[in-house]
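Asks: Data: input_11.cif, mmCIF, C-alpha atoms.
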```
data_query
loop_
_atom_site.label_atom_id
_atom_site.label_comp_id
_atom_site.auth_asym_id
_atom_site.auth_seq_id
_atom_site.Cartn_x
_atom_site.Cartn_y
_atom_site.Cartn_z
CA MET A 1194 30.07 21.36 36.19
CA ASP A 1195 28.67 20.54 39.64
CA ASP A 1196 29.46 17.48 41.71
CA LYS A 1197 26.22 15.72 40.89
CA GLU A 1198 26.79 16.05 37.15
CA LEU A 1199 30.36 14.78 37.47
CA LYS A 1200 29.08 11.74 39.39
CA ARG A 1201 26.51 11.04 36.71
CA ILE A 1202 29.08 11.29 33.93
CA ARG A 1203 31.43 8.95 35.77
CA ILE A 1204 28.65 6.37 36.13
CA ALA A 1205 27.68 6.73 32.45
CA LYS A 1206 31.30 6.29 31.34
CA ARG A 1207 31.75 3.11 33.34
CA VAL A 1208 28.48 1.64 32.05
CA ALA A 1209 29.47 2.46 28.46
CA LYS A 1210 32.63 0.33 28.76
CA GLU A 1211 30.57 -2.70 29.73
CA PHE A 1212 28.91 -3.39 26.37
CA ILE A 1213 30.36 -6.01 24.06
CA ASP A 1214 30.84 -4.89 20.44
CA GLY A 1215 27.71 -5.48 18.36
CA SER A 1216 25.26 -5.35 21.28
CA VAL A 1217 21.67 -4.16 21.21
CA VAL A 1218 21.02 -1.93 24.22
CA ASN A 1219 18.04 -0.14 25.76
CA LEU A 1220 18.81 2.92 27.87
CA GLY A 1221 16.26 4.21 30.36
CA ILE A 1222 15.30 7.86 30.66
CA GLY A 1223 17.51 10.10 32.84
CA LEU A 1224 21.03 9.08 33.85
CA PRO A 1225 21.07 5.95 31.61
CA THR A 1226 20.46 8.13 28.53
CA LEU A 1227 23.87 9.77 29.13
CA VAL A 1228 25.59 6.43 28.50
CA ALA A 1229 25.16 6.86 24.72
CA ASN A 1230 27.61 9.79 24.82
CA TYR A 1231 30.50 7.66 26.09
CA ILE A 1232 30.55 4.50 23.95
CA PRO A 1233 34.20 3.59 23.21
CA GLU A 1234 35.06 4.26 19.57
CA ASP A 1235 36.02 0.67 18.82
CA ARG A 1236 32.51 -0.58 19.56
CA SER A 1237 29.43 -0.53 17.42
CA ILE A 1238 26.31 -0.51 19.59
CA LEU A 1239 22.69 -0.34 18.43
CA PHE A 1240 20.24 1.40 20.75
CA HIS A 1241 16.66 0.17 21.04
CA SER A 1242 13.82 2.62 21.71
CA GLU A 1243 10.85 0.87 23.32
CA ASN A 1244 8.28 2.95 21.42
CA GLY A 1245 9.37 1.22 18.24
CA PHE A 1246 12.80 1.31 16.68
CA ILE A 1247 16.36 0.08 16.71
CA GLY A 1248 19.07 2.57 15.83
CA LEU A 1249 18.22 5.42 18.19
CA GLY A 1250 20.45 8.37 17.30
CA PRO A 1251 21.24 11.74 18.86
CA GLU A 1252 18.88 14.71 19.16
CA PRO A 1253 18.10 16.36 15.80
CA GLU A 1254 19.35 19.83 14.91
CA LYS A 1255 16.93 22.60 15.80
CA GLY A 1256 14.20 22.85 13.17
CA LYS A 1257 14.78 19.27 11.94
CA GLU A 1258 12.61 17.53 14.55
CA ASP A 1259 10.24 14.87 13.17
CA PRO A 1260 7.11 14.29 15.32
CA ASN A 1261 7.17 10.66 14.17
CA ILE A 1262 10.67 10.03 15.55
CA VAL A 1263 10.64 10.39 19.32
CA ASN A 1264 12.28 8.46 22.16
CA ALA A 1265 10.51 6.70 25.04
CA GLY A 1266 10.37 10.04 26.86
CA GLY A 1267 8.49 11.60 23.94
CA LYS A 1268 11.49 13.81 22.98
CA PRO A 1269 12.53 14.27 19.32
CA VAL A 1270 15.47 12.04 18.38
CA THR A 1271 16.94 10.64 15.15
CA ILE A 1272 17.39 7.17 13.69
CA VAL A 1273 20.84 6.10 12.50
CA LYS A 1274 21.56 4.64 9.07
CA GLY A 1275 20.69 0.96 9.08
CA GLY A 1276 18.03 1.38 11.78
CA CYS A 1277 14.47 0.07 11.59
CA PHE A 1278 11.00 0.91 12.88
CA PHE A 1279 8.35 -1.47 14.25
CA ASP A 1280 5.17 -1.45 16.35
CA SER A 1281 4.82 -1.88 20.12
CA ALA A 1282 4.08 -5.62 20.00
CA MET A 1283 7.31 -6.24 18.03
CA SER A 1284 9.24 -3.86 20.25
CA PHE A 1285 8.29 -5.80 23.37
CA ALA A 1286 8.80 -9.14 21.66
CA ILE A 1287 12.39 -7.97 21.18
CA ILE A 1288 12.56 -7.00 24.86
CA ARG A 1289 10.82 -10.01 26.39
CA GLY A 1290 12.12 -12.56 23.93
CA GLY A 1291 15.73 -12.17 25.05
CA HIS A 1292 16.87 -10.25 21.97
CA LEU A 1293 18.18 -7.28 23.95
CA ASP A 1294 21.72 -7.71 25.22
CA TYR A 1295 21.58 -5.03 27.89
CA THR A 1296 19.08 -2.76 29.56
CA VAL A 1297 20.31 0.12 31.70
CA LEU A 1298 17.91 1.61 34.25
CA GLY A 1299 17.98 3.78 37.33
CA ALA A 1300 16.78 2.55 40.71
CA LEU A 1301 15.22 3.74 43.93
CA GLU A 1302 16.38 0.55 45.67
CA VAL A 1303 18.17 -2.61 44.65
CA ASP A 1304 18.95 -5.55 46.92
CA GLU A 1305 21.33 -8.49 47.33
CA GLN A 1306 18.94 -10.90 45.63
CA GLY A 1307 18.90 -8.73 42.52
CA ASN A 1308 15.43 -7.39 43.26
CA LEU A 1309 14.73 -3.94 41.85
CA ALA A 1310 12.37 -1.16 42.96
CA ASN A 1311 12.28 1.80 40.59
CA TYR A 1312 8.72 2.53 39.54
CA MET A 1313 6.74 3.81 42.49
CA ILE A 1314 6.67 5.24 45.99
CA PRO A 1315 3.23 4.42 47.42
CA GLY A 1316 1.24 7.57 48.18
CA LYS A 1317 3.86 9.82 46.59
CA MET A 1318 4.98 8.86 43.13
CA VAL A 1319 2.85 6.46 41.09
CA PRO A 1320 3.66 7.19 37.45
CA GLY A 1321 3.25 3.60 36.23
CA MET A 1322 5.88 1.14 35.14
CA GLY A 1323 5.85 1.96 31.42
CA GLY A 1324 8.22 -0.53 29.80
CA ALA A 1325 10.48 -1.04 32.84
CA MET A 1326 8.99 -4.33 34.06
CA ASP A 1327 9.30 -5.90 30.61
CA LEU A 1328 12.85 -4.60 30.13
CA VAL A 1329 14.07 -5.98 33.43
CA ALA A 1330 12.30 -9.31 32.97
CA GLY A 1331 13.48 -9.76 29.38
CA ALA A 1332 16.95 -8.31 28.75
CA LYS A 1333 19.90 -10.69 28.90
CA THR A 1334 21.87 -8.39 31.22
CA VAL A 1335 20.26 -5.86 33.54
CA ILE A 1336 22.55 -2.99 34.58
CA ILE A 1337 21.45 -0.56 37.27
CA ALA A 1338 23.10 2.85 36.87
CA MET A 1339 22.46 5.08 39.86
CA GLU A 1340 23.97 7.23 42.56
CA HIS A 1341 25.17 5.07 45.43
CA THR A 1342 22.99 6.77 48.07
CA ASN A 1343 19.76 8.76 47.99
CA LYS A 1344 19.53 12.51 48.51
CA ASN A 1345 19.52 12.05 52.31
CA GLY A 1346 22.74 10.04 52.06
CA SER A 1347 21.02 6.73 52.90
CA PRO A 1348 22.03 3.54 51.05
CA LYS A 1349 19.99 2.48 48.02
CA ILE A 1350 21.68 -0.92 47.92
CA LEU A 1351 19.91 -2.94 50.61
CA GLU A 1352 19.50 -6.44 52.02
CA ARG A 1353 15.86 -6.32 50.94
CA CYS A 1354 13.99 -3.70 48.93
CA LYS A 1355 11.22 -2.01 50.92
CA LEU A 1356 9.43 -0.34 48.01
CA PRO A 1357 7.18 -2.27 45.59
CA LEU A 1358 9.30 -4.32 43.20
CA THR A 1359 9.70 -3.71 39.48
CA ALA A 1360 11.12 -7.20 39.10
CA LYS A 1361 12.33 -10.08 41.21
CA GLU A 1362 15.89 -11.43 41.02
CA GLU A 1363 16.69 -9.91 37.63
CA VAL A 1364 19.50 -7.38 38.30
CA ASP A 1365 22.99 -8.47 37.18
CA ILE A 1366 25.23 -5.43 37.67
CA ILE A 1367 25.07 -2.26 39.79
CA ILE A 1368 27.24 0.70 38.76
CA THR A 1369 27.44 3.80 40.94
CA GLU A 1370 29.88 6.70 41.31
CA LEU A 1371 31.63 4.61 43.98
CA ALA A 1372 31.54 1.02 42.84
CA PHE A 1373 30.95 -1.74 40.31
CA ILE A 1374 29.02 -4.53 42.02
CA ARG A 1375 27.96 -7.85 40.50
CA VAL A 1376 24.86 -9.65 41.76
CA THR A 1377 25.62 -13.36 42.17
CA LYS A 1378 23.94 -16.36 43.80
CA LYS A 1379 26.25 -15.91 46.82
CA GLY A 1380 25.39 -12.22 47.12
CA LEU A 1381 26.81 -8.87 46.04
CA VAL A 1382 30.42 -9.04 44.87
CA LEU A 1383 32.43 -5.81 44.92
CA GLU A 1384 34.56 -5.97 41.78
CA GLU A 1385 35.71 -2.39 41.28
CA ILE A 1386 35.78 0.88 43.17
CA ALA A 1387 36.17 4.43 41.89
CA ASP A 1388 39.65 5.87 41.75
CA ASP A 1389 38.99 8.41 44.52
CA THR A 1390 37.28 6.18 47.08
CA THR A 1391 38.15 3.29 49.39
CA VAL A 1392 36.61 -0.10 50.05
CA ASP A 1393 35.66 1.12 53.56
CA GLU A 1394 33.84 4.11 52.10
CA VAL A 1395 31.86 1.83 49.74
CA VAL A 1396 30.99 -0.57 52.57
CA LYS A 1397 29.87 2.33 54.79
CA ASN A 1398 27.48 3.58 52.11
CA THR A 1399 26.01 0.17 51.28
CA GLY A 1400 23.07 -1.30 53.20
CA ALA A 1401 23.89 -4.91 52.34
CA ARG A 1402 26.83 -7.25 52.84
CA LEU A 1403 29.48 -6.93 50.14
CA ILE A 1404 31.64 -9.89 49.23
CA ILE A 1405 35.18 -8.59 48.95
CA GLU A 1406 37.75 -11.05 47.67
CA GLY A 1407 40.94 -10.85 45.64
CA ASN A 1408 42.00 -7.81 43.75
CA ILE A 1409 39.52 -4.91 43.65
CA ARG A 1410 40.08 -3.00 40.41
CA LYS A 1411 39.75 0.79 40.10
CA PHE A 1412 37.82 2.84 37.58
CA LEU A 1413 38.06 6.54 36.79
CA MET B 1212 -14.54 0.82 -0.44
CA LYS B 1213 -14.64 2.14 3.12
CA LYS B 1214 -16.74 4.98 4.35
CA ILE B 1215 -14.85 8.26 4.37
CA ILE B 1216 -16.45 10.52 6.93
CA THR B 1217 -15.98 14.07 8.11
CA GLN B 1218 -14.42 15.04 11.39
CA ASP B 1219 -17.86 16.05 12.79
CA GLU B 1220 -19.33 12.65 11.97
CA SER B 1221 -16.36 10.70 13.27
CA VAL B 1222 -17.30 10.10 16.89
CA LYS B 1223 -21.09 10.16 16.46
CA LYS B 1224 -21.50 6.51 17.44
CA ILE B 1225 -19.49 6.86 20.64
CA LYS B 1226 -21.83 7.05 23.61
CA ASP B 1227 -21.45 7.59 27.35
CA GLY B 1228 -19.90 4.53 28.93
CA SER B 1229 -18.07 3.34 25.80
CA THR B 1230 -14.70 1.60 25.95
CA ILE B 1231 -12.21 3.26 23.59
CA MET B 1232 -8.66 2.40 22.60
CA ILE B 1233 -6.59 5.35 21.47
CA GLY B 1234 -3.34 4.89 19.59
CA GLY B 1235 -0.13 6.82 20.08
CA PHE B 1236 2.88 7.03 22.30
CA MET B 1237 2.48 10.37 24.03
CA VAL B 1238 2.09 12.70 21.03
CA SER B 1239 3.58 10.44 18.38
CA GLY B 1240 1.01 8.61 16.25
CA HIS B 1241 -1.84 10.07 18.28
CA PRO B 1242 -5.19 10.83 16.55
CA PHE B 1243 -5.48 14.44 17.75
CA LEU B 1244 -8.52 15.41 15.67
CA LEU B 1245 -10.61 12.45 16.79
CA VAL B 1246 -9.76 13.23 20.42
CA GLU B 1247 -10.77 16.88 19.84
CA GLU B 1248 -14.14 15.64 18.56
CA LEU B 1249 -14.60 13.51 21.68
CA LEU B 1250 -13.90 16.63 23.74
CA LYS B 1251 -16.47 18.63 21.79
CA LYS B 1252 -19.07 15.90 22.10
CA ASN B 1253 -18.30 15.67 25.83
CA VAL B 1254 -19.28 12.00 26.15
CA LYS B 1255 -18.76 10.84 29.73
CA ASN B 1256 -17.95 7.80 31.77
CA LEU B 1257 -15.49 6.49 29.19
CA THR B 1258 -13.08 3.63 29.71
CA LEU B 1259 -9.87 4.54 27.88
CA ILE B 1260 -7.15 2.12 26.88
CA SER B 1261 -3.93 3.85 25.88
CA ASN B 1262 -0.19 3.58 26.36
CA ASP B 1263 -0.12 6.70 28.52
CA ALA B 1264 -2.20 9.58 29.87
CA GLY B 1265 -0.67 12.18 27.53
CA PHE B 1266 -0.17 15.67 28.89
CA PRO B 1267 -2.85 17.78 30.66
CA ASP B 1268 -3.04 20.13 27.65
CA LYS B 1269 -2.33 17.70 24.83
CA GLY B 1270 -4.15 14.76 23.27
CA ILE B 1271 -5.76 12.12 25.41
CA GLY B 1272 -4.82 13.97 28.61
CA LYS B 1273 -7.43 16.62 27.84
CA LEU B 1274 -10.22 14.03 28.08
CA ILE B 1275 -9.02 13.20 31.59
CA VAL B 1276 -8.84 16.87 32.61
CA ASN B 1277 -12.35 17.35 31.18
CA ASN B 1278 -13.72 14.62 33.51
CA GLN B 1279 -14.81 12.35 30.64
CA VAL B 1280 -12.88 9.29 31.77
CA SER B 1281 -14.04 7.01 34.59
CA LYS B 1282 -11.43 4.32 33.98
CA LEU B 1283 -8.00 4.42 32.39
CA ILE B 1284 -5.95 1.38 31.42
CA ALA B 1285 -2.38 2.49 30.61
CA SER B 1286 1.29 1.76 31.23
CA HIS B 1287 2.39 5.24 32.25
CA ILE B 1288 0.63 8.34 33.58
CA GLY B 1289 3.66 10.25 34.89
CA LEU B 1290 3.54 13.13 32.41
CA ASN B 1291 -0.05 14.03 33.26
CA PRO B 1292 -0.22 15.10 36.93
CA VAL B 1293 -4.02 15.50 36.68
CA ALA B 1294 -4.32 11.76 35.98
CA GLY B 1295 -2.32 11.06 39.16
CA GLU B 1296 -4.52 13.40 41.21
CA LYS B 1297 -7.69 11.80 39.91
CA MET B 1298 -6.33 8.34 40.62
CA ASN B 1299 -5.41 9.29 44.20
CA SER B 1300 -8.76 11.01 44.86
CA GLY B 1301 -10.67 8.05 43.41
CA ASP B 1302 -12.31 10.19 40.69
CA MET B 1303 -10.81 7.95 38.05
CA GLN B 1304 -10.03 4.27 38.31
CA VAL B 1305 -6.57 3.49 36.93
CA GLU B 1306 -5.24 0.09 35.95
CA LEU B 1307 -1.50 0.26 35.36
CA VAL B 1308 -0.29 -2.43 32.96
CA PRO B 1309 3.32 -3.08 31.90
CA GLN B 1310 3.72 -1.70 28.38
CA GLY B 1311 4.60 -5.01 26.73
CA THR B 1312 1.74 -6.75 28.51
CA LEU B 1313 -0.66 -4.03 27.35
CA ALA B 1314 0.41 -4.47 23.70
CA GLU B 1315 0.20 -8.24 23.93
CA ARG B 1316 -3.21 -8.29 25.68
CA ILE B 1317 -4.61 -6.11 22.90
CA ARG B 1318 -2.95 -8.28 20.26
CA ALA B 1319 -4.37 -11.39 21.95
CA LYS B 1320 -7.90 -10.00 21.61
CA GLY B 1321 -7.36 -9.18 17.94
CA ALA B 1322 -5.72 -12.53 17.26
CA GLY B 1323 -8.43 -14.59 18.92
CA LEU B 1324 -6.25 -15.87 21.75
CA GLY B 1325 -7.59 -16.66 25.20
CA GLY B 1326 -4.76 -14.83 26.91
CA ILE B 1327 -1.01 -14.70 27.05
CA LEU B 1328 1.65 -15.98 29.44
CA THR B 1329 4.31 -13.43 30.29
CA PRO B 1330 7.24 -13.40 32.73
CA THR B 1331 6.76 -9.64 33.16
CA GLY B 1332 5.45 -8.74 36.60
CA VAL B 1333 6.19 -12.07 38.32
CA GLY B 1334 7.03 -11.36 41.97
CA THR B 1335 5.60 -7.81 41.81
CA ASP B 1336 2.21 -6.23 42.62
CA VAL B 1337 1.19 -6.83 39.00
CA GLN B 1338 0.93 -10.51 39.91
CA ASN B 1339 -1.88 -9.90 42.46
CA GLY B 1340 -5.04 -11.85 41.65
CA LYS B 1341 -3.55 -13.50 38.57
CA GLU B 1342 -3.02 -17.12 37.77
CA ILE B 1343 0.63 -18.23 37.66
CA LYS B 1344 1.64 -20.98 35.26
CA ARG B 1345 4.95 -22.77 35.59
CA ILE B 1346 6.33 -23.82 32.22
CA ASN B 1347 9.78 -25.39 31.76
CA GLU B 1348 10.71 -24.32 35.30
CA LYS B 1349 9.88 -20.67 34.78
CA ASP B 1350 6.89 -18.74 36.17
CA TYR B 1351 4.53 -16.80 33.91
CA LEU B 1352 1.46 -14.68 34.59
CA LEU B 1353 -1.74 -15.39 32.72
CA GLU B 1354 -2.84 -12.06 31.26
CA LEU B 1355 -6.25 -11.81 29.62
CA PRO B 1356 -7.21 -10.33 26.24
CA LEU B 1357 -8.21 -6.67 26.08
CA GLY B 1358 -10.68 -5.36 23.53
CA ALA B 1359 -12.81 -2.25 23.07
CA ASP B 1360 -15.98 -0.93 21.45
CA PHE B 1361 -13.96 1.60 19.45
CA ALA B 1362 -10.35 2.11 18.42
CA LEU B 1363 -9.26 5.58 17.36
CA ILE B 1364 -6.00 5.29 15.46
CA LYS B 1365 -3.72 7.40 13.32
CA ALA B 1366 -2.13 6.51 9.99
CA THR B 1367 0.13 8.34 7.57
CA VAL B 1368 -1.39 7.13 4.29
CA VAL B 1369 -4.72 5.30 3.96
CA ASP B 1370 -6.22 3.99 0.74
CA LYS B 1371 -9.95 3.87 0.13
CA ASN B 1372 -10.03 0.19 1.07
CA GLY B 1373 -8.77 1.19 4.52
CA ASN B 1374 -5.24 -0.18 4.06
CA CYS B 1375 -2.91 1.87 6.25
CA PHE B 1376 0.73 2.81 6.15
CA VAL B 1377 1.93 4.17 9.48
CA ALA B 1378 5.30 5.91 9.29
CA LYS B 1379 8.29 5.59 11.59
CA SER B 1380 7.73 5.42 15.35
CA ALA B 1381 4.08 6.47 14.95
CA LYS B 1382 3.24 2.77 14.53
CA ASN B 1383 3.40 2.00 18.25
CA PHE B 1384 -0.04 0.88 19.51
CA ASN B 1385 -1.93 1.82 16.33
CA ILE B 1386 -1.20 -1.54 14.71
CA VAL B 1387 -2.45 -3.84 17.48
CA MET B 1388 -5.40 -1.61 18.39
CA ALA B 1389 -6.70 -1.82 14.81
CA MET B 1390 -7.27 -5.54 15.40
CA ALA B 1391 -9.00 -5.39 18.76
CA ALA B 1392 -12.08 -3.14 18.55
CA ASP B 1393 -15.58 -3.55 17.11
CA CYS B 1394 -15.36 -0.23 15.28
CA VAL B 1395 -12.00 1.11 14.10
CA ILE B 1396 -11.83 4.77 13.06
CA VAL B 1397 -8.61 5.86 11.43
CA GLU B 1398 -7.45 9.46 11.21
CA ALA B 1399 -5.56 9.71 7.92
CA GLU B 1400 -2.87 12.27 7.18
CA LYS B 1401 -3.44 11.47 3.51
CA ILE B 1402 -6.12 9.44 1.69
CA VAL B 1403 -5.25 7.88 -1.67
CA ASP B 1404 -7.18 5.97 -4.33
CA ILE B 1405 -7.21 2.20 -4.44
CA GLY B 1406 -4.05 1.03 -6.16
CA GLU B 1407 -1.96 3.99 -5.05
CA LEU B 1408 -0.69 2.43 -1.82
CA ASP B 1409 1.93 -0.25 -2.47
CA PRO B 1410 0.59 -3.48 -0.86
CA ASP B 1411 4.10 -4.08 0.48
CA MET B 1412 3.88 -0.85 2.50
CA VAL B 1413 0.64 -1.76 4.32
CA ASN B 1414 1.08 -2.07 8.10
CA ILE B 1415 -2.65 -2.40 8.84
CA PRO B 1416 -4.80 -4.50 6.49
CA GLY B 1417 -7.88 -2.53 5.43
CA ILE B 1418 -10.23 -5.28 6.60
CA PHE B 1419 -9.75 -4.08 10.19
CA VAL B 1420 -10.75 -0.49 9.43
CA SER B 1421 -14.39 0.66 9.71
CA GLU B 1422 -14.20 4.37 8.87
CA ILE B 1423 -11.64 6.85 7.58
CA VAL B 1424 -11.44 10.50 8.59
CA LYS B 1425 -9.26 12.95 6.67
CA GLN B 1426 -6.96 15.02 8.80
#
```
Represent the supplied structure as structure tokens.
Replies:
Amino acid sequence: MDDKELKRIRIAKRVAKEFIDGSVVNLGIGLPTLVANYIPEDRSILFHSENGFIGLGPEPEKGKEDPNIVNAGGKPVTIVKGGCFFDSAMSFAIIRGGHLDYTVLGALEVDEQGNLANYMIPGKMVPGMGGAMDLVAGAKTVIIAMEHTNKNGSPKILERCKLPLTAKEEVDIIITELAFIRVTKKGLVLEEIADDTTVDEVVKNTGARLIIEGNIRKFL
Amino acid sequence: MKKIITQDESVKKIKDGSTIMIGGFMVSGHPFLLVEELLKKNVKNLTLISNDAGFPDKGIGKLIVNNQVSKLIASHIGLNPVAGEKMNSGDMQVELVPQGTLAERIRAKGAGLGGILTPTGVGTDVQNGKEIKRINEKDYLLELPLGADFALIKATVVDKNGNCFVAKSAKNFNIVMAMAADCVIVEAEKIVDIGELDPDMVNIPGIFVSEIVKQ
């Protein structure tokens, strides 16, 4: 497994530990989708799929795909026992109405006010926001799961986002391969660092001020 | 009893310049046959309202590739690069709408509401040009109803009164779109006699449906 994949798995594992038993969770496409593979066994989590169901299960066996059961990326998935289907208006009522405990999304940039940019790069990538703006505005807890820096090694955690925002002041937690950071009214609080890094390393790779106080825990 | 029509007849009434809602989430719950008929008929200058832009070679995306769409209202176009190119070149006007806002604007039209207030998009570019209402110390955007001349939707089982059962995650936008267009054409996987569809299983009341086409 290459370095990048190991980083992604580490992020997914740390995110997975964050959910309280019995939560309803929406996972974004890409890295966040990996989180489902690492839910601790003592927790029962229901996954919401924005295209219209609760109880999103793993990929079907080959040959057992059902064109009427797909995830938000259009890929065949399954529904777990006890799940339920609904239409788009109900799905987004669940999202916007505060009935989702967590949403996990990737980011291009996130800043110390909890602003998030993850849906477009003007002139380059303009795919549309899909359900992201609703998810970030509506979920009780917004977790950003992303690599700490971009492919050029520049920080993605900034004082202010430069790209167009997906939502304003909605991010609660940022989890990267280096750190667990909580967004608070006072700013970004560094709560945990990865086992193989240092506080200095995290600070060096972060483009915003980190509040460092008390005991910084470690995660694997 | 509703009119059951053939595939050839299905899109006859749709003319150049029509506004059309098309159900589906990418390929799930998408009325493929009705879209194929639109391609054959080659009507132009359409305004399409849909969750997404499909794929260049599948479903609604083919209408875009075939230069039949002058305006697209959707939440996501990322899986159809041709839609992105046409947006950037100005060949097609694109209005990107957050997915929940799109569903609720369509529902508002069908439900006779003058608009909806949503927190989605506050503080982003989506807010531009829109009225902001502050209610109980929280900001909301006023989003206006969205209707169409035609809705092309897909259902799993349809009875001859037009009552529809839409299975699993194929429901998506098909349910709200059935309420919000002047003429609603449903592509049925299966058509059954009146009395054969359990009223408890109906997701779309037949009163919304204008015409039924057998898949």
Asks: Pull out every residue that the PyMOL selection byres ((chain A) within 8 of (chain B)) matches in the shown coordinates and put them as a VMD selection string.
Replies: chain A and resid 1244 to 1246 1260 to 1263 1267 1278 to 1282 1285 to 1286 1289 1316 1319 to 1327 1330 to 1331 1357 to 1361
Asks: Figure out the distance between CA of Lys1255 in chain B and CA of Ser1221 in chain B, please, to one decimal in Å.
Replies: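 Result for CA of Ser1221 in chain B versus CA of Lys1255 in chain B: 16.6 Å, one decimal.
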Asks: Written as a list in words, what is the full residue list that the PyMOL selection byres ((chain A and resi 1292) around 9) yields on the file shown?
Replies: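 Written out, the selection comes to Val1217, Ala1286, Ile1287, Ile1288, Arg1289, Gly1290, Gly1291, Leu1293, Asp1294, Gly1331, Ala1332 and Lys1333 of chain A.
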Asks: What does the structure give for the distance between CA of Val1276 in chain B and CA of Glu1220 in chain B, in Å to one decimal?
Replies: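 The value is 23.5 Å.
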Asks: In Å to one decimal, how far is CA of Lys1371 in chain B from CA of Met1212 in chain B?
Replies: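 One can read the CA of Met1212 in chain B to CA of Lys1371 in chain B distance as 5.5 Å.
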Asks: Could you write out as a VMD selection string the residues that the PyMOL selection byres ((chain B and resi 1233) around 9) matches in the shown file?
Replies: chain B and resid 1231 to 1232 1234 to 1235 1241 to 1242 1246 1259 to 1262 1271 1361 to 1365 1384 to 1385 1388
Asks: Glu1211 in chain A: which residues within 10 Å, counting all atoms listed in the file, same-chain residues fewer than 2 positions away excluded, as a list in words?
Replies: Lys1206, Arg1207, Val1208, Ala1209, Ile1213, Asp1214, Ile1232, Pro1233, Tyr1295, Ile1336 and Ile1366 of chain A
Asks: Just the residues within 8 Å of Phe1376 in chain B, please, counting only C-alpha atoms, with nothing from its chain fewer than 6 positions along; format it as a list in words.
Replies: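 Selected residues are Ala1366, Thr1367, Val1368, Val1369, Met1412, Val1413, Asn1414 and Ile1415 of chain B.
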Asks: Store the residues picked out above, limited to C-alpha atoms, as a compact mmCIF listing (two decimals), keeping the file's coordinate frame.
Replies:
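As a result, result-v1.txt now contains:
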```txt
# COMPACT_ATOMS: atom_id res chain seq x y z
CA ALA B 1366 -2.13 6.51 9.99
CA THR B 1367 0.13 8.34 7.57
CA VAL B 1368 -1.39 7.13 4.29
CA VAL B 1369 -4.72 5.30 3.96
CA MET B 1412 3.88 -0.85 2.50
CA VAL B 1413 0.64 -1.76 4.32
CA ASN B 1414 1.08 -2.07 8.10
CA ILE B 1415 -2.65 -2.40 8.84
```
Asks: Using only C-alpha atoms, which protein or nucleic acid residues come within 7 Å of range 1298-1304 of chain A? Drop anything in the same chain fewer than 6 positions from it, and give the result as a VMD selection string.
Replies: chain A and resid 1220 to 1221 1225 1310 to 1311 1336 to 1339 1349 to 1354
Asks: Can you write out as JSON lines which residues of range 1391-1410 of chain B fall within 12 Å of range 1216-1219 of chain B, alongside each residue's closest atom pair and its distance in Å to one decimal, counting only C-alpha atoms and ordering rows by chain and ascending residue number?
Replies:
```
{"residue": "B:Ile1396", "atom": "CA", "partner": "B:Ile1216", "partner_atom": "CA", "distance": 9.6}
{"residue": "B:Val1397", "atom": "CA", "partner": "B:Ile1216", "partner_atom": "CA", "distance": 10.2}
{"residue": "B:Glu1398", "atom": "CA", "partner": "B:Gln1218", "partner_atom": "CA", "distance": 8.9}
{"residue": "B:Ala1399", "atom": "CA", "partner": "B:Gln1218", "partner_atom": "CA", "distance": 10.9}
{"residue": "B:Ile1402", "atom": "CA", "partner": "B:Ile1216", "partner_atom": "CA", "distance": 11.6}
```
Asks: Skipping near chain neighbours, those fewer than 6 positions away, what residues fall within 10 Å of Asn1253 in chain B using all atoms listed in the file, listed as a ChimeraX atom specification?
Replies: /B:1226-1227,1247,1274,1277-1279
Asks: I'd like the box whose edges run along x, y and z of the file and which contains every listed atom of range 1226-1232 of chain A, padded by 3 Å per side; could you state its centre and edge lengths in Å, one decimal, as JSON?
Replies:
```
{"center_x": 25.5, "center_y": 7.1, "center_z": 26.5, "size_x": 16.1, "size_y": 11.3, "size_z": 11.2}
```
Asks: Considering all atoms listed in the file, return as JSON, numbers by chain whatever protein or nucleic-acid residues lie within 9 Å of range 1408-1413 of chain A, sequence-local ones (same chain, fewer than 5 positions apart) excluded.
Replies: {"A": [1203, 1206, 1207, 1372, 1373, 1383, 1384, 1385, 1386, 1387, 1388, 1389, 1392]}
Asks: Considering all atoms listed in the file, state which residue in the set A:Ala1229, A:Ile1222, A:Val1329, A:Leu1309 is at the smallest distance from Lys1268 in chain A.
Replies: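 When distances to Lys1268 in chain A are compared using all atoms listed in the file, the smallest one comes from A:Ile1222.
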Asks: List as a list in words the residues having at least one atom at most 6 Å from position (-13.3, -3.2, 12.9) as given in the file, counting all atoms listed in the file.
Replies: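 Looking at atoms near the point gives Ala1392, Asp1393, Cys1394, Val1395, Phe1419, Val1420 and Ser1421 of chain B.
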